[in-house]
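Structure, as structure tokens:
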Amino acid sequence: MGESTVTPREGREQAVPYPVTAEPRQRRLDRLRSPRRPRLWFEILLIGVSYWTYSLVRNAVPEQRTEALRNTDWIWRAEHHLGIAMEESVNHAVNSVTWLIVGMNYYYATLHFIITLTVLVWLYRSHPGRYAATRLVLFATTAVALVGYYLYPLAPPRLMPGSDFIDTVMVHQTWGSMASGDLKHMSNQYAAMPSMHIGWSLWCGLTIFALARLPWVRILGLLYPAATLMVIVATANHFWLDAVGGILCLAFGFTVARVWYGTLPYSLPRVVPARGRGSPLLPSKA
């Protein structure tokens with residue numbers, strides 16, 4: 001008879017794989033955290049539902065007028081103490097140039113949405129591997145802003161009693177704000193802190209600066225949040241400190257994406273392969 005081919009006990013022990021019970025769970029987590037190609041129908045539905053939810057929640061926050069005005073008075077006094085209370089001067093100076101302030105009114109009402117959606121579309125088409133992570137930054141930023149609206153109601157400068165701020169939409173009869181004129185009942189008047197005009201515009205600007213290839217486009221990306229800051233102040237819709245709140249919310253959004261994906265969104269691969277049943281989870285290095 002030939003020699004026995006039975007595997008020794010210690011050999012069998014070494015051949016035993018890691019417990020299979022933990023593997024499917026880890027694979028599911030890896031699949032969720034790895035970059036993937038976005039699906040158009042899902043993104044359209046997600047953005048639509050998310051913005052509807054954001055508007056619903058923001059406008060459902062109680063309009064606590066007394067507390068909002070008290071907070072506005074505190075913000076204004078704090079800015080005087082810091083030596084940055086220049087909003088009223090900016091408001092009056094820009095309001096004296098009719099074509100400029102009218103343009104800013106329309107800027108405030110429209111570009112906030114147009115530029116943000118344009119950047120999302122550009123990411124979807126040109127940087128699909130980075131799209132989901134960068135979109136997560138925007139969504140997390142907006143979500144934490146809703147908490148701010150609830151916990152810290154704040155009236156905009158144009159509603160502050162006893163001040164000389166000019167409501168530029170009312171004065172020039174332009175459609176420049178959902179919180180002025182005939183549209184004021186469609187939006188919460190006391191949700192000025194934090195400023196999502198700054199949160200969203202800075203998200204757009206940083207994304208363009210980090211990913212665009214043409215130098216002049218990258219410069220425009222940085223100029224966009226700077227121009228937005230001037231607009232929100234000149235139209236008396238926000239204080240400087242509202243902008244700081246928007247920046248802090250954006251920092252939170254980047255932190256969430258960094259924790260989930262293990263890196264900043266802009267460091268992820270630009271493209272990833274399509275996923276089939278046997279496709280690897282790891283992204284391509286393209």
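Simple scheme: letters A, B, ... for chains in structure tokens order, numbers from 1 for residues in each chain, numbers from 1 for ligands in the order shown.
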TODO: Please provide the set of residues having any atom within 9 Å of stretch 246-254 of chain A, restricted to only C-alpha atoms, with same-chain residues fewer than 4 positions apart removed, written as a list in words.
DONE: Thr134, Leu136, Val137, Leu138, Phe139, Ala140, Thr141, Thr142, Ala143, Val144, Ala145, Met193, Pro194, Ser195, Met196, His197, Ile198, Gly199, Trp200, Leu202, Trp203, Leu241, Asp242, Arg258, Val259, Leu264 and Pro265 of chain A
Task: alpha helix (DSSP H) positions in stretch 230-260 of chain A, given as a list of chain:residue names - done: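 Alpha helix (DSSP H) assignments inside stretch 230-260 of chain A correspond to A:Met230, A:Val231, A:Ile232, A:Val233, A:Ala234, A:Trp240, A:Leu241, A:Asp242, A:Ala243, A:Val244, A:Gly245, A:Gly246, A:Ile247, A:Leu248, A:Cys249, A:Leu250, A:Ala251, A:Phe252, A:Gly253, A:Phe254, A:Thr255, A:Val256, A:Ala257, A:Arg258, A:Val259, A:Trp260.
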Open item on the list: So that I can check the surroundings of A:Pro128, please list as an NGL selection string every protein, DNA and RNA residue that reaches within 12 Å of it, counting only C-alpha atoms and ignoring chain neighbours fewer than 3 positions away.
Closed with: :A and (35-40 or 43 or 120-125 or 131-135 or 265-266 or 268-274 or 283-284 or 286)
TODO: Could you check which of A:Ser50, A:Gln173, A:Thr168, A:Thr207 is closest to A:Ile101, using only C-alpha atoms?
DONE: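 Residue with the minimum atom-to-atom distance to A:Ile101: A:Thr168.
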Open item on the list: Just the number, please: distance in Å from atom CA of A:Pro153 to atom CA of A:Asn237, one decimal.
Closed with: 13.9 Å
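Distance annotation: of A:Leu82, A:Ala226, A:Ala109, A:Leu117, the residue with the minimal separation from A:Ile47 is A:Leu117; atom set is only C-alpha atoms.
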Open item on the list: Considering only C-alpha atoms, can you say which of A:Arg65, A:Arg158, A:His112, A:Arg70 comes closest to A:His238?
Closed with: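 Distance minimum relative to A:His238 lands on A:Arg158.
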